[in-house]
file target_12.tsv (TSV, C-alpha atoms)
chain	number	residue	atom	x	y	z
A	34	MET	CA	124.35	60.46	111.81
A	35	LYS	CA	124.86	62.52	108.68
A	36	ILE	CA	121.61	63.66	107.06
A	37	PRO	CA	121.59	62.47	103.41
A	38	ASP	CA	122.24	65.02	100.64
A	39	SER	CA	119.19	63.87	98.70
A	40	LEU	CA	116.99	65.29	101.47
A	41	LEU	CA	118.75	68.67	101.08
A	42	SER	CA	117.87	68.76	97.37
A	43	ARG	CA	114.25	67.91	98.06
A	44	ILE	CA	113.96	70.51	100.83
A	45	ILE	CA	115.52	73.27	98.71
A	46	PHE	CA	113.27	72.49	95.75
A	47	ALA	CA	110.25	72.35	98.08
A	48	TYR	CA	111.20	75.74	99.54
A	49	LEU	CA	111.56	77.49	96.14
A	50	PRO	CA	107.80	78.16	95.69
A	51	PHE	CA	107.85	80.08	99.00
A	52	MET	CA	109.95	82.74	97.25
A	53	VAL	CA	107.09	83.84	95.02
A	54	TYR	CA	105.34	85.65	97.82
A	55	ALA	CA	107.14	87.48	100.61
A	56	PHE	CA	105.45	85.36	103.26
A	57	ASP	CA	105.20	86.84	106.68
A	58	LEU	CA	105.51	84.50	109.64
A	59	GLU	CA	101.78	83.80	109.86
A	60	LYS	CA	101.37	82.94	106.17
A	61	ALA	CA	104.54	80.83	106.26
A	62	TRP	CA	103.02	78.79	109.11
A	63	ILE	CA	99.76	78.20	107.20
A	64	ALA	CA	101.50	77.30	103.94
A	65	VAL	CA	104.02	74.93	105.52
A	66	LEU	CA	101.40	73.17	107.67
A	67	CYS	CA	99.34	72.69	104.52
A	68	VAL	CA	102.35	71.29	102.63
A	69	VAL	CA	103.33	68.87	105.38
A	70	ALA	CA	99.76	67.73	106.13
A	71	VAL	CA	99.11	66.85	102.47
A	72	PHE	CA	102.59	65.29	102.26
A	73	TRP	CA	101.92	62.91	105.17
A	74	LEU	CA	98.40	62.16	103.95
A	75	THR	CA	99.66	61.42	100.44
A	76	VAL	CA	102.42	59.08	101.64
A	77	PHE	CA	100.01	57.24	103.94
A	78	PHE	CA	97.21	56.99	101.36
A	79	PHE	CA	99.34	55.88	98.41
A	80	TRP	CA	101.39	53.39	100.39
A	81	PHE	CA	98.30	51.34	101.25
A	82	THR	CA	96.33	51.86	98.03
A	83	ARG	CA	99.03	51.81	95.36
A	84	ASN	CA	98.24	48.23	94.31
A	85	LEU	CA	94.64	49.20	93.58
A	86	PHE	CA	95.73	51.37	90.65
A	87	PRO	CA	97.15	50.06	87.35
A	88	GLU	CA	100.92	50.58	87.13
A	89	LYS	CA	100.70	52.92	84.16
A	90	LEU	CA	98.13	55.19	85.81
A	91	ARG	CA	99.68	55.53	89.28
A	92	SER	CA	101.53	58.79	88.63
A	93	GLU	CA	98.48	60.30	86.91
A	94	VAL	CA	96.33	59.43	89.93
A	95	PHE	CA	98.96	61.01	92.17
A	96	PHE	CA	98.96	64.29	90.21
A	97	PHE	CA	95.21	64.57	90.17
A	98	TRP	CA	95.09	63.78	93.89
A	99	LEU	CA	97.48	66.71	94.39
A	100	LEU	CA	95.40	69.02	92.20
A	101	ALA	CA	92.19	68.03	93.99
A	102	TRP	CA	93.77	68.98	97.33
A	103	ALA	CA	95.07	72.24	95.83
A	104	GLN	CA	91.57	73.05	94.56
A	105	ALA	CA	90.02	72.27	97.96
A	106	VAL	CA	92.55	74.39	99.85
A	107	TRP	CA	92.08	77.26	97.40
A	108	TYR	CA	88.30	77.02	97.82
A	109	PHE	CA	88.44	77.26	101.62
A	110	THR	CA	91.51	79.41	102.31
A	111	LYS	CA	92.36	81.18	99.00
A	112	LEU	CA	95.94	79.95	99.38
A	113	GLN	CA	97.64	79.97	95.96
A	114	PRO	CA	98.47	76.43	94.74
A	115	LEU	CA	102.23	76.99	94.76
A	116	TRP	CA	102.39	74.74	97.84
A	117	ALA	CA	101.39	71.78	95.61
A	118	LEU	CA	104.81	72.06	93.97
A	119	SER	CA	106.40	71.85	97.43
A	120	VAL	CA	104.45	68.65	98.16
A	121	PHE	CA	105.55	67.19	94.81
A	122	PHE	CA	109.21	67.78	95.64
A	123	LEU	CA	108.94	66.36	99.16
A	124	ILE	CA	107.15	63.17	98.10
A	125	PRO	CA	109.41	60.17	97.46
A	126	THR	CA	107.66	58.97	94.32
A	127	SER	CA	109.86	55.91	94.19
A	128	PHE	CA	107.06	53.70	95.52
A	129	LEU	CA	104.85	54.69	92.57
A	130	GLU	CA	107.41	53.64	89.97
A	131	PRO	CA	107.45	49.88	89.32
A	132	SER	CA	111.19	49.83	88.59
A	133	GLN	CA	112.12	51.19	92.04
A	134	LYS	CA	112.91	48.98	95.05
A	135	ALA	CA	110.37	50.70	97.33
A	136	SER	CA	107.48	49.68	95.08
A	137	ARG	CA	108.42	46.01	95.50
A	138	VAL	CA	108.16	46.15	99.29
A	139	ARG	CA	104.99	44.49	100.56
A	140	VAL	CA	102.26	46.83	101.84
A	141	PHE	CA	102.39	45.42	105.41
A	142	SER	CA	106.09	44.71	105.62
A	143	ARG	CA	108.31	45.09	108.74
A	144	VAL	CA	110.13	48.08	107.21
A	145	VAL	CA	106.89	50.09	106.92
A	146	PRO	CA	107.01	51.66	110.44
A	147	ARG	CA	110.58	52.82	109.84
A	148	TYR	CA	109.61	54.14	106.38
A	149	PHE	CA	106.72	56.16	107.82
A	150	TRP	CA	108.87	57.40	110.71
A	151	GLU	CA	111.46	58.75	108.21
A	152	ARG	CA	108.73	60.54	106.21
A	153	PHE	CA	107.32	61.91	109.46
A	154	LEU	CA	110.75	63.30	110.40
A	155	ALA	CA	111.22	64.75	106.91
A	156	GLY	CA	107.94	66.65	107.32
A	157	PHE	CA	108.98	68.01	110.71
A	158	GLY	CA	112.37	68.93	109.32
A	159	PHE	CA	110.74	70.91	106.53
A	160	ILE	CA	108.49	72.76	108.99
A	161	GLY	CA	111.54	73.70	111.07
A	162	PHE	CA	113.46	74.80	107.97
A	163	VAL	CA	110.68	77.06	106.71
A	164	ILE	CA	110.06	78.63	110.12
A	165	VAL	CA	113.76	79.33	110.64
A	166	MET	CA	113.98	80.93	107.17
A	167	ALA	CA	110.86	83.02	107.86
A	168	LEU	CA	112.25	84.17	111.23
A	169	VAL	CA	115.60	85.15	109.74
A	170	GLN	CA	113.86	87.04	106.92
A	171	GLU	CA	111.63	88.76	109.48
A	172	VAL	CA	114.61	89.83	111.62
A	173	LEU	CA	116.85	90.92	108.75
A	174	GLY	CA	114.08	92.37	106.60
A	175	ARG	CA	111.85	94.17	109.08
A	176	GLN	CA	114.02	94.75	112.16
A	177	PHE	CA	117.24	95.69	110.34
A	178	GLY	CA	115.53	97.14	107.26
A	179	MET	CA	117.41	94.95	104.73
A	180	MET	CA	114.53	94.51	102.28
A	181	SER	CA	116.69	92.34	99.98
A	182	PHE	CA	116.07	89.45	102.35
A	183	GLN	CA	112.38	89.56	101.53
A	184	ARG	CA	113.16	89.23	97.82
A	185	PRO	CA	114.39	86.12	95.98
A	186	ALA	CA	117.98	87.45	95.94
A	187	GLY	CA	118.26	87.54	99.72
A	188	ILE	CA	116.31	84.32	100.18
A	189	LEU	CA	118.68	82.51	97.81
A	190	LEU	CA	121.65	83.88	99.76
A	191	LEU	CA	120.14	82.41	102.94
A	192	LEU	CA	119.56	79.11	101.09
A	193	SER	CA	123.20	79.13	100.03
A	194	LEU	CA	124.24	79.57	103.65
A	195	ALA	CA	121.88	76.80	104.78
A	196	ALA	CA	123.22	74.47	102.05
A	197	PHE	CA	126.80	75.28	103.08
A	198	LEU	CA	126.07	74.44	106.73
A	199	TRP	CA	124.24	71.24	105.72
A	200	LYS	CA	127.05	70.11	103.43
A	201	ASN	CA	129.67	70.66	106.11
A	202	GLN	CA	127.99	68.85	108.98
A	203	PRO	CA	130.39	67.47	111.57
A	204	TYR	CA	130.53	63.65	111.55
A	205	GLN	CA	129.76	61.64	114.66
A	206	ARG	CA	132.38	59.02	115.36
C	135	MET	CA	105.30	89.03	91.53
C	136	VAL	CA	106.52	88.48	87.93
C	137	TYR	CA	110.12	88.90	89.09
C	138	SER	CA	109.68	86.29	91.85
C	139	LEU	CA	108.03	83.88	89.38
C	140	ILE	CA	110.91	84.32	86.94
C	141	ILE	CA	113.58	83.61	89.55
C	142	THR	CA	111.72	80.66	91.12
C	143	PHE	CA	110.83	78.84	87.93
C	144	GLY	CA	114.03	79.88	86.18
C	145	LEU	CA	116.09	78.19	88.89
C	146	LEU	CA	113.76	75.19	88.96
C	147	PHE	CA	114.05	74.57	85.23
C	148	ALA	CA	117.76	75.40	85.17
C	149	ILE	CA	118.51	72.61	87.62
C	150	ARG	CA	115.72	70.12	86.99
C	151	GLY	CA	115.07	71.33	83.47
C	152	VAL	CA	112.52	70.07	81.01
C	153	LYS	CA	115.31	68.04	79.47
C	154	SER	CA	118.81	67.71	80.86
C	155	LEU	CA	121.23	69.96	79.02
C	156	THR	CA	124.95	69.43	78.84
C	157	LEU	CA	127.25	72.12	80.24
C	158	GLN	CA	130.19	71.08	78.09
C	159	ASN	CA	128.68	72.29	74.82
C	160	PRO	CA	127.08	75.73	75.31
C	161	GLU	CA	126.78	76.38	71.55
C	162	LYS	CA	124.21	73.58	71.29
C	163	THR	CA	122.67	74.18	74.70
C	164	LEU	CA	121.82	77.89	74.34
C	165	PRO	CA	119.49	77.54	71.32
C	166	GLU	CA	117.85	74.61	73.12
C	167	VAL	CA	117.15	76.80	76.18
C	168	TRP	CA	115.41	79.40	73.99
C	169	ARG	CA	113.52	76.72	72.05
C	170	GLN	CA	112.23	75.37	75.36
C	171	ALA	CA	111.22	78.91	76.35
C	172	VAL	CA	109.14	79.26	73.18
C	173	ASP	CA	107.60	75.84	73.95
C	174	PHE	CA	106.83	76.96	77.46
C	175	CYS	CA	105.36	80.29	76.35
C	176	LEU	CA	103.11	78.71	73.72
C	177	THR	CA	101.87	75.96	76.05
C	178	LEU	CA	101.13	78.50	78.79
C	179	ALA	CA	99.33	80.77	76.32
C	180	PHE	CA	97.26	77.92	74.88
C	181	THR	CA	96.29	76.66	78.33
C	182	LEU	CA	95.16	80.15	79.33
C	183	LEU	CA	93.29	80.69	76.05
C	184	TYR	CA	91.50	77.32	76.20
C	185	PHE	CA	90.55	77.96	79.81
C	186	GLU	CA	89.17	81.40	78.97
C	187	ALA	CA	87.27	79.85	76.04
C	188	SER	CA	85.74	77.23	78.34
C	189	LEU	CA	84.50	80.07	80.57
C	190	CYS	CA	82.48	81.35	77.62
C	191	ILE	CA	80.52	78.09	77.26
C	192	VAL	CA	77.26	78.91	79.04
C	193	GLY	CA	76.32	75.40	80.20
C	194	ILE	CA	79.57	74.69	82.07
C	195	GLN	CA	80.60	78.22	83.09
C	196	SER	CA	79.83	77.89	86.80
C	197	PHE	CA	81.48	74.44	86.98
C	198	VAL	CA	84.63	75.76	85.32
C	199	GLN	CA	84.78	78.79	87.61
C	200	ASP	CA	84.34	76.72	90.77
C	201	HIS	CA	86.87	74.09	89.70
C	202	ALA	CA	89.30	76.37	87.87
C	203	LEU	CA	92.43	74.62	89.10
C	204	LEU	CA	91.21	71.15	88.12
C	205	VAL	CA	90.19	72.34	84.64
C	206	ILE	CA	93.52	74.12	84.13
C	207	GLY	CA	95.31	71.02	85.41
C	208	PHE	CA	93.47	68.83	82.92
C	209	LEU	CA	94.31	71.17	80.02
C	210	ALA	CA	97.96	71.42	81.10
C	211	TYR	CA	98.12	67.61	81.42
C	212	VAL	CA	96.76	67.10	77.90
C	213	PHE	CA	99.20	69.61	76.38
C	214	SER	CA	102.15	68.21	78.36
C	215	LYS	CA	101.39	64.59	77.43
C	216	TYR	CA	100.99	65.52	73.78
C	217	GLN	CA	104.44	67.14	73.81
C	218	LYS	CA	105.94	64.33	75.96
C	219	LYS	CA	107.06	66.80	78.62
C	220	THR	CA	108.11	66.00	82.19
C	221	ASP	CA	105.97	66.06	85.33
C	222	ILE	CA	107.58	69.28	86.54
C	223	PHE	CA	106.60	70.97	83.28
C	224	PHE	CA	102.98	69.91	83.72
C	225	LEU	CA	102.78	71.00	87.38
C	226	SER	CA	104.55	74.30	86.72
C	227	MET	CA	102.24	74.98	83.80
C	228	THR	CA	99.17	74.36	85.99
C	229	VAL	CA	100.39	76.54	88.85
C	230	LEU	CA	101.57	79.38	86.60
C	231	THR	CA	98.39	79.44	84.50
C	232	PHE	CA	96.27	79.56	87.63
C	233	LEU	CA	98.40	82.32	89.16
C	234	ILE	CA	98.26	84.44	86.00
C	235	TYR	CA	94.52	83.85	85.62
C	236	SER	CA	93.82	84.91	89.21
C	237	GLU	CA	96.00	88.05	88.99
C	238	GLN	CA	95.28	89.24	85.43
C	239	LYS	CA	93.02	92.24	84.66
C	240	ASN	CA	91.97	90.86	81.26
C	241	LEU	CA	93.09	88.24	78.73
C	242	LEU	CA	95.55	90.57	76.98
C	243	HIS	CA	97.16	91.45	80.30
C	244	GLY	CA	97.41	87.74	81.07
C	245	LEU	CA	99.06	86.98	77.73
C	246	PHE	CA	101.51	89.82	78.31
C	247	TRP	CA	102.47	88.22	81.64
C	248	VAL	CA	102.86	84.85	79.89
C	249	GLY	CA	105.35	86.42	77.46
C	250	ALA	CA	107.17	88.33	80.20
C	251	VAL	CA	107.55	85.27	82.44
C	252	SER	CA	108.73	83.04	79.57
C	253	ILE	CA	111.33	85.56	78.36
C	254	GLY	CA	112.46	86.17	81.92
C	255	ILE	CA	112.88	82.44	82.60
C	256	ALA	CA	114.85	82.00	79.36
C	257	LEU	CA	117.09	84.96	80.23
C	258	PHE	CA	117.72	83.61	83.72
C	259	ARG	CA	118.52	80.13	82.38
C	260	THR	CA	120.87	81.56	79.76
C	261	CYS	CA	122.82	83.60	82.32
C	262	PHE	CA	122.81	80.73	84.83
C	263	LEU	CA	124.11	78.32	82.18
C	264	GLY	CA	126.89	80.76	81.29
C	265	LEU	CA	127.93	81.11	84.92
C	266	ARG	CA	127.90	77.34	85.46
C	267	TYR	CA	130.01	76.90	82.31
C	268	LYS	CA	132.56	79.38	83.69
C	269	LEU	CA	132.60	77.45	86.97
C	270	LEU	CA	133.81	74.35	85.11
C	271	PHE	CA	137.14	76.14	84.64
C	272	SER	CA	137.33	77.46	88.20
C	273	ARG	CA	138.57	75.76	91.32
C	274	VAL	CA	135.51	75.73	93.54
C	275	PRO	CA	136.35	74.66	97.11
C	276	LYS	CA	134.93	71.26	97.98
C	277	MET	CA	132.83	72.68	100.80
C	278	MET	CA	131.11	75.02	98.34
C	279	GLN	CA	130.48	72.52	95.54
C	280	GLY	CA	126.91	71.65	94.67
C	281	TRP	CA	123.97	73.51	96.20
C	282	PRO	CA	125.95	76.25	98.06
C	283	ILE	CA	127.56	77.61	94.89
C	284	LEU	CA	124.40	77.13	92.81
C	285	CYS	CA	122.25	79.11	95.28
C	286	LEU	CA	124.96	81.79	95.52
C	287	LEU	CA	125.06	82.13	91.71
C	288	ALA	CA	121.27	82.31	91.56
C	289	SER	CA	121.24	84.97	94.29
C	290	LEU	CA	123.77	87.19	92.49
C	291	LEU	CA	121.99	86.68	89.18
C	292	SER	CA	118.59	87.56	90.61
C	293	LEU	CA	120.08	90.70	92.18
C	294	ALA	CA	121.49	91.73	88.81
C	295	LEU	CA	118.21	91.01	87.00
C	296	TRP	CA	116.27	92.94	89.62
C	297	GLY	CA	118.53	95.95	89.15
C	298	ILE	CA	118.24	95.80	85.36
C	299	GLY	CA	114.47	95.35	85.60
C	300	ARG	CA	114.10	98.43	87.81
C	301	LEU	CA	116.17	100.49	85.37
C	302	ILE	CA	114.10	99.44	82.35
C	303	PHE	CA	110.62	99.26	83.89
call {"tool": "encode", "arguments": {"input": "target_12.tsv", "output": "structure tokens"}}
result
Amino acid sequence: MKIPDSLLSRIIFAYLPFMVYAFDLEKAWIAVLCVVAVFWLTVFFFWFTRNLFPEKLRSEVFFFWLLAWAQAVWYFTKLQPLWALSVFFLIPTSFLEPSQKASRVRVFSRVVPRYFWERFLAGFGFIGFVIVMALVQEVLGRQFGMMSFQRPAGILLLLSLAAFLWKNQPYQR
Amino acid sequence: MVYSLIITFGLLFAIRGVKSLTLQNPEKTLPEVWRQAVDFCLTLAFTLLYFEASLCIVGIQSFVQDHALLVIGFLAYVFSKYQKKTDIFFLSMTVLTFLIYSEQKNLLHGLFWVGAVSIGIALFRTCFLGLRYKLLFSRVPKMMQGWPILCLLASLLSLALWGIGRLIF
């Protein structure tokens, strides 16, 4: 099964805020767990409650939900709210927009388990991606002394390599 | 940190910009990039100024300090809606204002960072646009088209900007 290119775009955009701070492995773990936890919670919450909000206000509610979580996480852990941008890019907002097909699916439809399973996998995929990037930066930056890999220039080079490998996945026949 | 902010948000806006810009006509696109940078700088500055002003109101000072991100988010939302900007603009504005507020020594220092980040983002977008325009006339291998070549361009550009920045500052 070839992983869709749209997921690559979302993962790369979601990873960009991690470039602002040279996260070490421990901070990368905390930030990515935060991103994925809020991502899953947001998908779950908005799938079942989206019909409670007026159509025109759904995206506003979503943004203020995100900011409320960012404020809460800042209050308890002092983690900068850059991770909220990552959540925004990971979220498939199609079900909030009335013109999209996903928003016309019934709340308790048969496709819901598969939908949640795909979002669950996307979250795990993002965790794996961030940890691999952090490990590579740790090895190249600290062990081999190539400090460029702890700066945006080196991180973008690694992203380029990851995108190249993703784009050239072998097909399964 | 300013350098990392410039590269991150520069790339973000260059690809999912505040408005989509055409590559085929750089003469019209370049002034638009700098106009958007001025927009961005002014909105960021106003959000920071209004937030600092709200901190001076005695009755709500403690509320504003405890809920800084929500207050900044509300201000950024109002400014973004008024200018009919995109969701990414609003979120970026909120995050950047909060980051600058938490790292600044005083208001003047914060406004200096606002100017530096805005100019840096505009410079990055200008150079990135130029490189993408040149790519239109190059034969990029199919396996490198899309994200691989974009990330590679951004990496080389950020390396160049880092070198220039270290020479000047």
call {"tool": "residues_near_point", "arguments": {"input": "target_12.tsv", "point": "(99.4, 77.0, 97.6)", "cutoff": "10 Å", "atoms": "all atoms listed in the file", "output": "list in words"}}
result
Pro50, Phe51, Ile63, Ala64, Val65, Cys67, Val68, Trp102, Ala103, Gln104, Val106, Trp107, Thr110, Lys111, Leu112, Gln113, Pro114, Leu115, Trp116, Ala117, Leu118, Ser119 and Val120 of chain A; Val229 of chain C
call {"tool": "residues_around", "arguments": {"input": "target_12.tsv", "residues": "C:Gly249", "least_positions_apart": "6", "cutoff": "10 Å", "atoms": "all atoms listed in the file", "output": "compact mmCIF listing (two decimals) with C-alpha atoms, keeping the file's coordinate frame"}}
result
# COMPACT_ATOMS: atom_id res chain seq x y z
CA ALA C 171 111.22 78.91 76.35
CA VAL C 172 109.14 79.26 73.18
CA PHE C 174 106.83 76.96 77.46
CA CYS C 175 105.36 80.29 76.35
CA LEU C 176 103.11 78.71 73.72
CA LEU C 178 101.13 78.50 78.79
CA ALA C 179 99.33 80.77 76.32
CA ILE C 255 112.88 82.44 82.60
call {"tool": "closest_residue", "arguments": {"input": "target_12.tsv", "among": "C:Lys215, C:Arg259, C:Arg169, C:Lys239", "to": "chain A", "atoms": "only C-alpha atoms"}}
result
C:Lys215
call {"tool": "residues_near_point", "arguments": {"input": "target_12.tsv", "point": "(115.9, 80.1, 109.0)", "cutoff": "12 Å", "atoms": "all atoms listed in the file", "output": "number ranges by chain"}}
result
A: 48, 58, 61, 158-173, 182, 188-196, 198
call {"tool": "interface_residues", "arguments": {"input": "target_12.tsv", "of": "chain C", "to": "chain A", "cutoff": "6 Å", "atoms": "all atoms listed in the file", "output": "mmCIF file with C-alpha atoms, in the coordinates of the input"}}
result
data_model
loop_
_atom_site.group_PDB
_atom_site.id
_atom_site.type_symbol
_atom_site.label_atom_id
_atom_site.label_comp_id
_atom_site.auth_asym_id
_atom_site.auth_seq_id
_atom_site.Cartn_x
_atom_site.Cartn_y
_atom_site.Cartn_z
ATOM 1 C CA SER C 138 109.680 86.290 91.850
ATOM 2 C CA LEU C 139 108.030 83.880 89.380
ATOM 3 C CA THR C 142 111.720 80.660 91.120
ATOM 4 C CA LEU C 203 92.430 74.620 89.100
ATOM 5 C CA TRP C 281 123.970 73.510 96.200
ATOM 6 C CA PRO C 282 125.950 76.250 98.060
ATOM 7 C CA CYS C 285 122.250 79.110 95.280
ATOM 8 C CA LEU C 286 124.960 81.790 95.520
ATOM 9 C CA SER C 289 121.240 84.970 94.290
ATOM 10 C CA SER C 292 118.590 87.560 90.610
ATOM 11 C CA LEU C 293 120.080 90.700 92.180
#
call {"tool": "atom_distance", "arguments": {"input": "target_12.tsv", "atom1": "atom CA of A:Phe72", "atom2": "atom CA of C:Ala148"}}
result
25.0 Å
call {"tool": "closest_residue", "arguments": {"input": "target_12.tsv", "among": "A:Val71, A:Val76, A:Leu123, A:Leu90", "to": "A:Trp150", "atoms": "only C-alpha atoms"}}
result
A:Val76
call {"tool": "atom_distance", "arguments": {"input": "target_12.tsv", "atom1": "atom CA of C:Tyr235", "atom2": "atom CA of C:Gln199"}}
result
11.2 Å
call {"tool": "axis_aligned_box", "arguments": {"input": "target_12.tsv", "around": "stretch 82-94 of chain A", "padding_each_side": "6 Å", "output": "JSON"}}
result
{"center_x": 98.1, "center_y": 54.3, "center_z": 91.1, "size_x": 18.9, "size_y": 24.1, "size_z": 25.9}
call {"tool": "atom_distance", "arguments": {"input": "target_12.tsv", "atom1": "atom CA of C:Gly254", "atom2": "atom CA of C:Tyr211"}}
result
23.5 Å
call {"tool": "residues_around", "arguments": {"input": "target_12.tsv", "residues": "C:Leu269", "least_positions_apart": "3", "cutoff": "12 Å", "atoms": "only C-alpha atoms", "output": "list in words"}}
result
Leu157, Gln158, Phe262, Leu263, Gly264, Leu265, Arg266, Ser272, Arg273, Val274, Pro275, Met278, Gln279, Gly280, Ile283, Leu284 and Leu287 of chain C
